[in-house]
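Student: Structure supplied as work_4.cif; contents: mmCIF, C-alpha atoms.
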```cif
data_work
#
loop_
_atom_site.label_atom_id
_atom_site.label_comp_id
_atom_site.auth_asym_id
_atom_site.auth_seq_id
_atom_site.Cartn_x
_atom_site.Cartn_y
_atom_site.Cartn_z
CA MET J 1 175.70 134.91 24.81
CA GLY J 2 175.66 137.89 27.13
CA ALA J 3 172.47 136.62 28.73
CA ARG J 4 174.02 133.18 29.14
CA SER J 5 177.07 134.72 30.84
CA THR J 6 174.84 136.65 33.18
CA TRP J 7 172.93 133.52 34.16
CA LEU J 8 176.24 131.66 34.61
CA LEU J 9 177.53 134.42 36.84
CA LEU J 10 174.33 134.44 38.85
CA GLY J 11 174.54 130.68 39.22
CA LEU J 12 178.11 130.87 40.43
CA LEU J 13 177.23 133.59 42.91
CA THR J 14 174.34 131.53 44.23
CA LEU J 15 176.55 128.48 44.57
CA VAL J 16 179.28 130.43 46.37
CA SER J 17 176.71 132.00 48.64
CA ALA J 18 175.17 128.62 49.48
CA CYS J 19 178.58 127.07 50.17
CA SER J 20 179.49 130.00 52.32
CA ALA J 21 176.31 129.64 54.34
CA ALA J 22 176.85 125.92 54.76
CA THR J 23 180.42 126.21 56.01
CA SER J 24 180.01 129.29 58.18
CA PRO J 25 179.43 129.72 61.51
CA SER J 26 179.84 127.16 64.06
CA VAL J 27 178.62 128.39 67.39
CA SER J 28 182.10 129.43 68.37
CA LEU J 29 182.23 131.83 65.47
CA GLN J 30 179.15 133.65 66.57
CA PRO J 31 179.69 136.87 68.44
CA SER J 32 179.82 136.09 72.13
CA ALA J 33 176.93 137.25 74.20
CA SER J 34 177.33 140.80 75.32
CA PRO J 35 176.75 141.52 79.00
CA SER J 36 173.35 142.97 78.20
CA GLU J 37 172.39 139.86 76.23
CA ALA J 38 173.56 137.72 79.10
CA ALA J 39 171.43 139.73 81.47
CA VAL J 40 168.43 139.01 79.27
CA SER J 41 169.16 135.28 79.48
CA GLY J 42 169.09 135.64 83.24
CA LEU J 43 172.62 134.44 83.91
CA PRO J 44 175.90 136.32 83.91
CA PRO J 45 178.35 135.52 81.12
CA GLY J 46 180.09 132.22 81.74
CA CYS J 47 177.60 130.93 84.28
CA GLU J 48 175.62 127.81 83.52
CA PRO J 49 172.27 126.67 84.92
CA HIS J 50 172.69 124.53 88.00
CA GLU J 51 170.35 123.10 90.58
CA VAL J 52 171.38 121.78 93.98
CA ARG J 53 169.20 119.15 95.61
CA GLY J 54 169.45 117.88 99.15
CA PRO J 55 169.32 114.32 100.47
CA ASP J 56 165.54 114.31 100.27
CA GLY J 57 165.52 115.68 96.77
CA GLU J 58 164.46 119.16 97.74
CA ARG J 59 165.95 122.07 95.89
CA ILE J 60 168.66 123.86 97.88
CA ASP J 61 169.00 127.59 97.58
CA LEU J 62 172.37 128.83 98.77
CA ASP J 63 171.39 132.49 98.45
CA GLY J 64 171.11 134.33 101.71
CA THR J 65 172.81 134.96 105.00
CA TRP J 66 175.20 132.50 106.57
CA VAL J 67 177.07 132.50 109.86
CA GLU J 68 180.56 131.22 110.30
CA GLU J 69 181.16 128.52 112.86
CA VAL J 70 183.93 129.75 115.17
CA GLY J 71 185.48 129.00 118.54
CA GLU J 72 184.03 130.39 121.74
CA ASP J 73 186.34 133.38 121.94
CA GLU J 74 186.08 134.39 118.33
CA ALA J 75 183.67 136.75 116.63
CA PRO J 76 181.60 134.91 114.03
CA MET J 77 181.49 136.36 110.57
CA THR J 78 178.29 136.93 108.68
CA TRP J 79 178.40 135.88 105.07
CA TRP J 80 176.07 136.90 102.26
CA ILE J 81 176.02 134.49 99.40
CA ARG J 82 174.55 134.87 95.96
CA THR J 83 174.39 132.27 93.22
CA GLN J 84 173.66 132.82 89.56
CA GLY J 85 173.43 129.39 88.01
CA ASP J 86 176.64 127.63 88.96
CA CYS J 87 178.47 130.88 89.77
CA VAL J 88 178.80 131.76 93.43
CA TRP J 89 179.78 135.02 95.10
CA GLY J 90 180.04 135.77 98.78
CA ALA J 91 180.94 138.61 101.11
CA GLY J 92 181.82 138.04 104.74
CA THR J 93 182.39 140.51 107.54
CA VAL J 94 182.56 140.61 111.30
CA ASP J 95 180.08 142.92 113.03
CA ASP J 96 182.65 145.52 113.95
CA VAL J 97 185.31 145.89 111.34
CA PRO J 98 188.28 147.76 112.78
CA ALA J 99 189.41 150.96 111.13
CA ASP J 100 192.16 151.17 108.57
CA GLY J 101 195.57 150.60 110.03
CA ALA J 102 194.55 147.70 112.20
CA SER J 103 196.09 144.42 111.26
CA ILE J 104 193.19 142.02 111.02
CA PRO J 105 192.78 141.19 107.36
CA ASP J 106 190.28 138.41 108.03
CA THR J 107 187.52 140.79 109.09
CA VAL J 108 186.31 141.37 105.55
CA GLN J 109 186.53 138.58 103.02
CA THR J 110 185.13 137.75 99.63
CA ILE J 111 184.58 134.49 97.79
CA ARG J 112 184.03 133.73 94.15
CA GLY J 113 183.73 130.34 92.53
CA ARG J 114 181.83 127.79 90.50
CA LEU J 115 179.61 125.08 91.88
CA GLY J 116 180.23 121.69 90.34
CA SER J 117 177.98 118.70 89.97
CA ASP J 118 179.99 117.15 92.83
CA LEU J 119 178.54 119.87 95.07
CA ILE J 120 181.92 121.48 95.52
CA ILE J 121 182.40 125.19 95.07
CA ASP J 122 185.81 125.60 93.52
CA GLY J 123 187.07 129.14 93.65
CA GLU J 124 189.01 131.76 95.48
CA ILE J 125 188.88 133.64 98.74
CA LEU J 126 190.36 137.07 99.38
CA ARG J 127 190.99 138.81 102.64
CA LEU J 128 190.02 142.43 102.13
CA GLY J 129 190.10 143.77 105.66
CA PRO J 130 192.64 146.14 107.07
CA TYR J 131 196.14 144.82 107.16
CA ALA J 132 199.60 146.08 107.82
CA SER J 133 202.38 145.71 105.33
CA SER J 134 203.85 142.98 107.51
CA ASP J 135 200.79 140.90 106.66
CA ALA J 136 201.53 140.96 102.98
CA ALA J 137 203.23 137.59 103.17
CA ARG J 138 200.10 136.04 104.61
CA ALA J 139 198.42 135.06 101.38
CA ILE J 140 195.77 137.69 100.83
CA TYR J 141 194.49 135.45 98.08
CA SER J 142 193.93 131.71 98.33
CA PRO J 143 192.19 129.12 96.27
CA ILE J 144 189.32 127.56 98.20
CA ARG J 145 187.10 124.51 97.91
CA LEU J 146 183.80 124.59 99.74
CA LYS J 147 181.65 121.49 99.89
CA VAL J 148 177.89 121.74 100.04
CA ASP J 149 177.28 119.30 102.85
CA PHE J 150 174.38 118.18 104.97
CA ASP J 151 174.51 117.51 108.69
CA ASP J 152 172.62 114.76 110.48
CA ASP J 153 169.53 116.94 110.67
CA GLY J 154 169.59 117.42 106.93
CA GLN J 155 170.56 121.05 107.29
CA VAL J 156 172.81 122.37 104.59
CA VAL J 157 176.33 123.35 105.58
CA LEU J 158 179.11 124.90 103.54
CA ARG J 159 182.33 123.31 104.70
CA GLU J 160 185.82 124.02 103.44
CA ASP J 161 187.33 120.90 101.93
CA ARG J 162 190.57 120.94 103.91
CA VAL J 163 192.04 119.52 107.12
CA TYR J 164 193.13 122.10 109.67
CA GLY J 165 196.83 122.08 110.42
CA VAL J 166 197.90 120.67 107.08
CA ALA J 167 200.15 123.07 105.21
CA GLY J 168 198.66 124.55 102.05
CA PRO J 169 197.54 127.82 100.53
CA ARG J 170 195.22 128.57 103.46
CA CYS J 171 197.68 127.30 106.02
CA GLY J 172 201.01 128.78 105.10
CA ASP J 173 202.64 127.66 108.35
CA PRO J 174 200.67 125.23 110.54
CA VAL J 175 202.45 126.52 113.63
CA VAL J 176 202.51 130.25 113.00
CA PHE J 177 199.62 131.04 110.68
CA CYS J 178 196.91 128.57 109.74
CA ILE J 179 193.43 129.82 108.97
CA PRO J 180 190.71 127.68 110.55
CA VAL J 181 188.59 125.60 108.21
CA LEU J 182 185.66 127.70 107.04
CA VAL J 183 182.28 126.28 108.01
CA LEU J 184 179.11 128.22 107.23
CA ARG J 185 175.61 127.54 108.43
CA PRO J 186 172.43 129.32 107.37
CA ALA J 187 171.54 132.24 109.63
CA HIS J 188 168.08 131.80 111.06
CA MET Z 1 214.64 135.66 85.48
CA ARG Z 2 211.32 136.25 87.18
CA ALA Z 3 212.56 139.52 88.63
CA ARG Z 4 213.76 140.58 85.20
CA LEU Z 5 210.39 139.67 83.70
CA GLY Z 6 208.57 141.59 86.43
CA THR Z 7 210.81 144.60 85.93
CA SER Z 8 210.24 144.48 82.22
CA LEU Z 9 206.51 144.29 82.72
CA VAL Z 10 206.49 147.26 85.08
CA LEU Z 11 208.66 149.25 82.73
CA GLY Z 12 206.36 148.28 79.91
CA VAL Z 13 203.37 149.40 81.91
CA LEU Z 14 204.97 152.72 82.75
CA LEU Z 15 205.90 153.28 79.14
CA VAL Z 16 202.46 152.66 77.78
CA VAL Z 17 200.40 154.50 80.40
CA GLY Z 18 198.55 157.13 78.47
CA CYS Z 19 198.31 155.06 75.30
CA SER Z 20 194.92 153.96 74.12
CA PRO Z 21 193.85 150.47 75.18
CA SER Z 22 194.25 149.27 71.63
CA THR Z 23 197.96 149.99 71.73
CA ALA Z 24 198.50 148.45 75.12
CA PRO Z 25 200.01 144.99 75.25
CA SER Z 26 197.35 142.35 75.45
CA PRO Z 27 197.52 140.27 78.62
CA SER Z 28 196.87 137.25 76.52
CA VAL Z 29 200.33 137.43 74.96
CA GLN Z 30 202.02 137.41 78.32
CA PRO Z 31 203.29 134.05 79.52
CA SER Z 32 200.55 132.47 81.57
CA GLU Z 33 201.36 131.19 85.00
CA SER Z 34 200.32 127.97 86.62
CA PRO Z 35 198.74 128.31 90.08
CA SER Z 36 201.98 127.22 91.70
CA ASP Z 37 203.97 129.74 89.67
CA ALA Z 38 201.49 132.41 90.64
CA ALA Z 39 201.84 131.51 94.31
CA VAL Z 40 205.59 131.91 94.01
CA SER Z 41 205.27 135.25 92.24
CA GLY Z 42 202.82 136.41 94.90
CA LEU Z 43 199.98 137.02 92.48
CA PRO Z 44 196.82 134.96 92.04
CA PRO Z 45 196.49 133.01 88.80
CA GLY Z 46 195.55 135.24 85.92
CA CYS Z 47 196.61 138.47 87.60
CA GLU Z 48 199.45 140.46 86.07
CA PRO Z 49 201.76 143.02 87.62
CA ILE Z 50 200.69 146.59 87.04
CA GLU Z 51 201.76 149.92 88.40
CA LEU Z 52 199.75 153.06 87.85
CA ARG Z 53 200.83 156.50 88.98
CA GLY Z 54 198.76 159.55 89.79
CA PRO Z 55 199.10 163.07 88.42
CA THR Z 56 202.04 163.86 90.67
CA GLY Z 57 203.79 160.60 90.01
CA GLU Z 58 202.81 158.82 93.17
CA ARG Z 59 202.01 155.14 92.98
CA ILE Z 60 198.28 154.45 93.08
CA VAL Z 61 197.21 152.08 95.83
CA LEU Z 62 193.55 151.14 95.90
CA ASP Z 63 193.72 148.78 98.88
CA GLY Z 64 191.75 149.88 101.90
CA ARG Z 65 188.47 151.33 103.00
CA TRP Z 66 186.28 153.50 100.79
CA VAL Z 67 182.98 155.23 101.42
CA GLU Z 68 179.97 155.77 99.24
CA ALA Z 69 176.64 157.49 99.67
CA ASP Z 70 174.05 155.54 97.70
CA ASP Z 71 170.98 156.97 96.04
CA VAL Z 72 168.93 157.10 99.22
CA GLY Z 73 171.73 158.45 101.31
CA ALA Z 74 172.57 155.34 103.30
CA PRO Z 75 176.33 155.37 103.67
CA MET Z 76 178.10 152.29 102.43
CA THR Z 77 181.56 151.14 103.33
CA TRP Z 78 183.64 149.36 100.73
CA TRP Z 79 186.78 147.34 101.30
CA ILE Z 80 188.98 146.97 98.28
CA ARG Z 81 191.95 144.74 97.70
CA THR Z 82 194.17 144.53 94.64
CA GLN Z 83 196.57 141.81 93.62
CA GLY Z 84 198.46 143.04 90.61
CA ASP Z 85 195.85 144.17 88.11
CA CYS Z 86 193.08 142.13 89.76
CA VAL Z 87 190.74 143.91 92.10
CA TRP Z 88 188.09 142.71 94.54
CA GLY Z 89 185.74 144.63 96.78
CA ASN Z 90 182.95 144.18 99.28
CA GLY Z 91 180.48 146.90 100.12
CA GLN Z 92 177.71 147.07 102.62
CA ILE Z 93 175.58 149.66 104.30
CA GLU Z 94 176.96 150.65 107.64
CA ASP Z 95 173.93 149.46 109.58
CA VAL Z 96 172.88 146.14 108.15
CA PRO Z 97 169.53 145.05 109.59
CA PRO Z 98 169.40 141.75 111.49
CA PRO Z 99 169.02 138.71 109.23
CA GLY Z 100 165.30 138.40 109.94
CA GLU Z 101 164.69 141.97 108.83
CA PHE Z 102 167.28 142.05 106.14
CA GLY Z 103 166.02 142.24 102.61
CA ALA Z 104 164.51 145.61 102.05
CA ARG Z 105 167.14 146.24 99.44
CA PRO Z 106 169.24 143.66 97.56
CA ASP Z 107 172.09 146.14 97.28
CA HIS Z 108 172.62 146.38 101.03
CA VAL Z 109 175.55 144.07 100.48
CA GLN Z 110 177.51 144.10 97.25
CA SER Z 111 180.61 142.54 95.83
CA LEU Z 112 182.73 143.58 92.89
CA SER Z 113 185.68 142.20 91.07
CA GLY Z 114 187.56 143.10 87.94
CA ARG Z 115 190.80 143.94 86.23
CA ILE Z 116 192.56 147.28 86.25
CA GLY Z 117 193.63 148.44 82.83
CA LEU Z 118 196.42 150.70 81.79
CA ASP Z 119 193.74 153.22 80.86
CA PHE Z 120 192.85 153.54 84.57
CA VAL Z 121 189.58 151.73 84.00
CA ILE Z 122 188.47 148.81 86.14
CA THR Z 123 186.41 146.46 84.03
CA GLY Z 124 184.52 143.82 85.91
CA GLU Z 125 181.29 142.88 87.57
CA ILE Z 126 179.19 143.84 90.54
CA LEU Z 127 176.78 141.63 92.42
CA ASN Z 128 173.96 142.47 94.76
CA LEU Z 129 174.23 139.91 97.53
CA GLY Z 130 171.44 141.10 99.76
CA ALA Z 131 168.16 139.26 99.86
CA LEU Z 132 166.03 139.54 96.76
CA PRO Z 133 162.37 139.89 97.68
CA PRO Z 134 160.31 138.21 94.96
CA GLY Z 135 158.84 140.69 92.57
CA GLN Z 136 160.66 143.64 94.01
CA PRO Z 137 162.65 146.03 91.84
CA GLY Z 138 166.21 144.93 91.75
CA SER Z 139 165.43 141.27 91.55
CA LEU Z 140 165.84 141.58 87.80
CA SER Z 141 169.59 141.24 87.78
CA PRO Z 142 171.72 140.67 90.86
CA PHE Z 143 174.69 140.63 88.48
CA SER Z 144 175.83 143.52 86.33
CA PRO Z 145 178.94 144.33 84.38
CA LEU Z 146 180.75 147.31 85.85
CA ARG Z 147 183.25 149.89 84.65
CA MET Z 148 184.96 152.10 87.19
CA ILE Z 149 187.34 154.91 86.30
CA ILE Z 150 190.23 155.81 88.57
CA GLU Z 151 190.07 159.58 88.68
CA PHE Z 152 191.56 162.48 90.56
CA ASP Z 153 189.62 165.54 91.64
CA ASP Z 154 190.95 169.09 91.64
CA ALA Z 155 192.48 168.56 95.06
CA GLY Z 156 194.32 165.53 93.72
CA GLU Z 157 192.22 163.12 95.77
CA ILE Z 158 191.61 159.80 94.13
CA THR Z 159 188.08 158.63 93.40
CA LEU Z 160 186.61 155.55 91.82
CA HIS Z 161 183.81 156.67 89.55
CA GLU Z 162 181.45 154.33 87.76
CA ASP Z 163 181.56 154.98 84.02
CA ARG Z 164 177.83 155.43 83.50
CA GLU Z 165 175.34 158.26 83.21
CA PRO Z 166 172.63 158.42 85.86
CA MET Z 167 169.14 157.31 84.90
CA VAL Z 168 170.19 155.89 81.55
CA ARG Z 169 168.85 152.41 80.94
CA GLY Z 170 171.41 149.61 80.93
CA PRO Z 171 172.50 146.53 82.83
CA ARG Z 172 172.91 148.53 86.03
CA CYS Z 173 169.74 150.51 85.40
CA PRO Z 174 167.14 148.10 84.04
CA ASP Z 175 164.28 150.47 84.80
CA PRO Z 176 165.10 154.17 85.19
CA VAL Z 177 161.80 154.72 86.96
CA GLY Z 178 161.59 151.58 89.09
CA TYR Z 179 165.16 150.57 89.84
CA CYS Z 180 168.17 152.55 88.80
CA PRO Z 181 170.99 152.93 91.32
CA ASP Z 182 173.10 156.02 90.98
CA PRO Z 183 176.54 155.52 89.48
CA LEU Z 184 178.88 154.22 92.13
CA VAL Z 185 181.33 156.82 93.40
CA LEU Z 186 183.87 155.81 96.02
CA ARG Z 187 186.23 158.01 97.97
CA PRO Z 188 188.90 156.92 100.42
CA ALA Z 189 187.55 156.74 103.96
CA GLY Z 190 189.05 159.17 106.37
#
```
Would you write out, as C-alpha cells, the structure that this file holds?
Tutor:
Amino acid sequence: MGARSTWLLLGLLTLVSACSAATSPSVSLQPSASPSEAAVSGLPPGCEPHEVRGPDGERIDLDGTWVEEVGEDEAPMTWWIRTQGDCVWGAGTVDDVPADGASIPDTVQTIRGRLGSDLIIDGEILRLGPYASSDAARAIYSPIRLKVDFDDDGQVVLREDRVYGVAGPRCGDPVVFCIPVLVLRPAH
Amino acid sequence: MRARLGTSLVLGVLLVVGCSPSTAPSPSVQPSESPSDAAVSGLPPGCEPIELRGPTGERIVLDGRWVEADDVGAPMTWWIRTQGDCVWGNGQIEDVPPPGEFGARPDHVQSLSGRIGLDFVITGEILNLGALPPGQPGSLSPFSPLRMIIEFDDAGEITLHEDREPMVRGPRCPDPVGYCPDPLVLRPAG
C-alpha cells in the first residue's frame, strides 16, 4: 500500500511537472535580453534587423559622415550617423561651436529614431548647443521624420518629411522661428 | 491641474531623494502623456519632471558644455541637454579629422542618451558614431549600455562619472587588452 502511494505520488508529480512545462513560458515570459546578451546578438536591445536597398537594388549603408544642405550664407553642419539594425543615431555640429553663453542652440544637435520599411526614420531631434534662457520656448526637442530618398543621380539623400513654413513642432512660428527643412547628403 | 500635478511630482521627487531606487515611485505608474500633451507641458513624450539638488541645496543643471580627456589624452567636448529626467549628449574630439581621413577611431564622435534617476544615476546608452574600420578594435559594438553617476568632488564641483571599473570586461570593454575605453568622466567646461 505504501509502495502504491509512493508510485501514485510520483505519478502525480510527473503529471504536474509535465503540465507545468507545457503551459509555461511563452516568449514574453522569458527574461528579456540583458544588454550584454543583446551585444552578443549584435544589435542593441529593441533594434531589429533592417536592410535598406536603393533604386538599383544595392544595399544602402547610412553609416558615416553627412553634410547638411544649407543656404549660401549659412555654415553647413556635419552629421555623423550610425545605424544598428533599424535603430538610427546621429550627431551634428557646425565646425566652430560657439562657447557657452552664446545663443545658437542649433550648432550641436542629436537625432535618434527607427527606420521603417517605408524608408522613413521616425524619431526625435534635440538641439544641444549653447542657448540662453530666452530660447527655452524654442522647442529644444522636436519629433522628426527623415525620409531616405534618392536624387536623380541615384545618390542617397536624407530629407526631412516636412514643408518649410508650415507651422508644426519644428516650425513653432512660421514668421518668427521656423527651422529649415533638414537635408543631408553623404560627405565625400 | 497640470501645475498641481507638476508641483506634486517635484515635491514627491524632493521627498524621496536619498531613498533607494526600489522605494522610489515607478515612472510607469505616472499618468502617461500623449505627444500633444507633452508638447503643452514642455517635455518630450516619456520624460517626467525631476529636480535634483546638490550637497548645498542648489538645483542641479546638467545642460551645457562638458570636457573629457579620453584614454589617449585627446580632449573631447560634450554637449548635454536635459528635458525633465531625459538626457541627451553629443561628444567629439576637439580636432575631428577631415571626412576622408576620419576613421582612425570610432569613438571620435559619440552620442549618449538616458534617463536621470532619483538616485543621481543616468541610465542609458552610448554610441560610437565615428567610422568603424573593418576588423579594427571597437567595431565589435558601436552601442553600449551606460551608467553615469552625478557626483560632487571635495570642492563641490559636479562631475559625471561612468559607473564602471577600468579594464574590467563588459559591454563597454569587450577586450581589456585590445579595446577598452577608460570610464567616461565629464567635468563642466570652463
Student: Do you know which residues lie at most 7 Å from (199.3, 131.4, 101.5), with coordinates as in the file and only C-alpha atoms counted, and could you write them as a list in words?
Tutor: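 Taken together, the residues in range are Arg138, Ala139, Ser142, Gly168, Pro169, Arg170, Cys171 and Gly172 of chain J.
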Student: Given all atoms listed in the file, how would the per-residue table for chain J near chain Z read, listing every residue at most 8 Å away with its closest atom pair and distance in Å to one decimal, sorted by chain and number, as CSV?
Tutor:
```
residue,atom,partner,partner_atom,distance
J:Pro35,CA,Z:Pro145,CA,6.5
J:Ser36,CA,Z:Pro171,CA,5.9
J:Ala39,CA,Z:Ser141,CA,6.7
J:Gly42,CA,Z:Ser141,CA,7.2
J:Leu43,CA,Z:Phe143,CA,8.0
J:Pro44,CA,Z:Phe143,CA,6.4
J:Asp63,CA,Z:Ala131,CA,7.6
J:Gly64,CA,Z:Ala131,CA,6.0
J:Thr65,CA,Z:Pro99,CA,6.8
J:Trp80,CA,Z:Leu129,CA,5.9
J:Ile81,CA,Z:Leu129,CA,6.0
J:Arg82,CA,Z:Leu129,CA,5.3
J:Gln84,CA,Z:Phe143,CA,8.0
J:Trp89,CA,Z:Ser111,CA,7.6
J:Gly90,CA,Z:Leu129,CA,7.2
J:Ala91,CA,Z:Asn90,CA,6.2
J:Asp100,CA,Z:Arg65,CA,6.7
J:Val108,CA,Z:Trp79,CA,7.3
J:Gln109,CA,Z:Asn90,CA,7.6
J:Thr110,CA,Z:Asn90,CA,6.8
J:Leu126,CA,Z:Trp88,CA,7.8
J:Arg127,CA,Z:Arg81,CA,7.8
J:Leu128,CA,Z:Arg81,CA,5.4
J:Gly129,CA,Z:Trp79,CA,6.5
J:Pro130,CA,Z:Gly64,CA,6.4
J:Ala139,CA,Z:Gly42,CA,7.9
J:Tyr141,CA,Z:Pro44,CA,6.5
J:Ser142,CA,Z:Pro44,CA,7.6
J:Ala187,CA,Z:Pro99,CA,7.0
J:His188,CA,Z:Pro99,CA,7.2
```
Student: Please produce a file of the residues just selected, as a PDB file, keeping the file's coordinate frame, where the atoms kept are C-alpha atoms.
Tutor:
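Once everything was written out, this is again25.pdb:
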```pdb
ATOM      1  CA  PRO J  35     176.750 141.520  79.000  1.00  0.00           C
ATOM      2  CA  SER J  36     173.350 142.970  78.200  1.00  0.00           C
ATOM      3  CA  ALA J  39     171.430 139.730  81.470  1.00  0.00           C
ATOM      4  CA  GLY J  42     169.090 135.640  83.240  1.00  0.00           C
ATOM      5  CA  LEU J  43     172.620 134.440  83.910  1.00  0.00           C
ATOM      6  CA  PRO J  44     175.900 136.320  83.910  1.00  0.00           C
ATOM      7  CA  ASP J  63     171.390 132.490  98.450  1.00  0.00           C
ATOM      8  CA  GLY J  64     171.110 134.330 101.710  1.00  0.00           C
ATOM      9  CA  THR J  65     172.810 134.960 105.000  1.00  0.00           C
ATOM     10  CA  TRP J  80     176.070 136.900 102.260  1.00  0.00           C
ATOM     11  CA  ILE J  81     176.020 134.490  99.400  1.00  0.00           C
ATOM     12  CA  ARG J  82     174.550 134.870  95.960  1.00  0.00           C
ATOM     13  CA  GLN J  84     173.660 132.820  89.560  1.00  0.00           C
ATOM     14  CA  TRP J  89     179.780 135.020  95.100  1.00  0.00           C
ATOM     15  CA  GLY J  90     180.040 135.770  98.780  1.00  0.00           C
ATOM     16  CA  ALA J  91     180.940 138.610 101.110  1.00  0.00           C
ATOM     17  CA  ASP J 100     192.160 151.170 108.570  1.00  0.00           C
ATOM     18  CA  VAL J 108     186.310 141.370 105.550  1.00  0.00           C
ATOM     19  CA  GLN J 109     186.530 138.580 103.020  1.00  0.00           C
ATOM     20  CA  THR J 110     185.130 137.750  99.630  1.00  0.00           C
ATOM     21  CA  LEU J 126     190.360 137.070  99.380  1.00  0.00           C
ATOM     22  CA  ARG J 127     190.990 138.810 102.640  1.00  0.00           C
ATOM     23  CA  LEU J 128     190.020 142.430 102.130  1.00  0.00           C
ATOM     24  CA  GLY J 129     190.100 143.770 105.660  1.00  0.00           C
ATOM     25  CA  PRO J 130     192.640 146.140 107.070  1.00  0.00           C
ATOM     26  CA  ALA J 139     198.420 135.060 101.380  1.00  0.00           C
ATOM     27  CA  TYR J 141     194.490 135.450  98.080  1.00  0.00           C
ATOM     28  CA  SER J 142     193.930 131.710  98.330  1.00  0.00           C
ATOM     29  CA  ALA J 187     171.540 132.240 109.630  1.00  0.00           C
ATOM     30  CA  HIS J 188     168.080 131.800 111.060  1.00  0.00           C
TER      31      HIS J 188
END
```
Student: Do a neighbour search on J:Pro76 at 10 Å with all atoms listed in the file, toss out local chain neighbours closer than 4 positions, and write the hits as an MDAnalysis selection string.
Tutor: chainID J and resid 67:72 92:95 107 184
Student: Please list as a ChimeraX atom specification every residue within 10 Å of stretch 148-162 of chain J, counting all atoms listed in the file and excluding residues in the same chain fewer than 2 positions away.
Tutor: /J:52,54-56,60-62,66,68-69,115-116,118-122,144-146,164-168,170-171,180-186
Student: Provide the atom CA of J:Cys47 to atom CA of Z:Leu186 distance in Å, to one decimal place.
Tutor: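 Computing the Euclidean distance for atom CA of J:Cys47 and atom CA of Z:Leu186 yields 28.2 Å.
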Student: For atom CA of Z:Glu165 and atom CA of Z:Tyr179, quote the distance in Å rounded to one decimal.
Tutor: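 Going from atom CA of Z:Glu165 over to atom CA of Z:Tyr179, I get 14.4 Å.
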Student: Taking only C-alpha atoms into account, name the residue in Z:Ala74, Z:Gly84, Z:Pro55, Z:Arg169 that is nearest to J:Ile140.
Tutor: Z:Gly84
Student: Could you state the separation of atom CA of J:Gly123 and atom CA of J:Ala75 in Å, given to one decimal place?
Tutor: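 About the pair atom CA of J:Gly123 and atom CA of J:Ala75: they are 24.4 Å apart.
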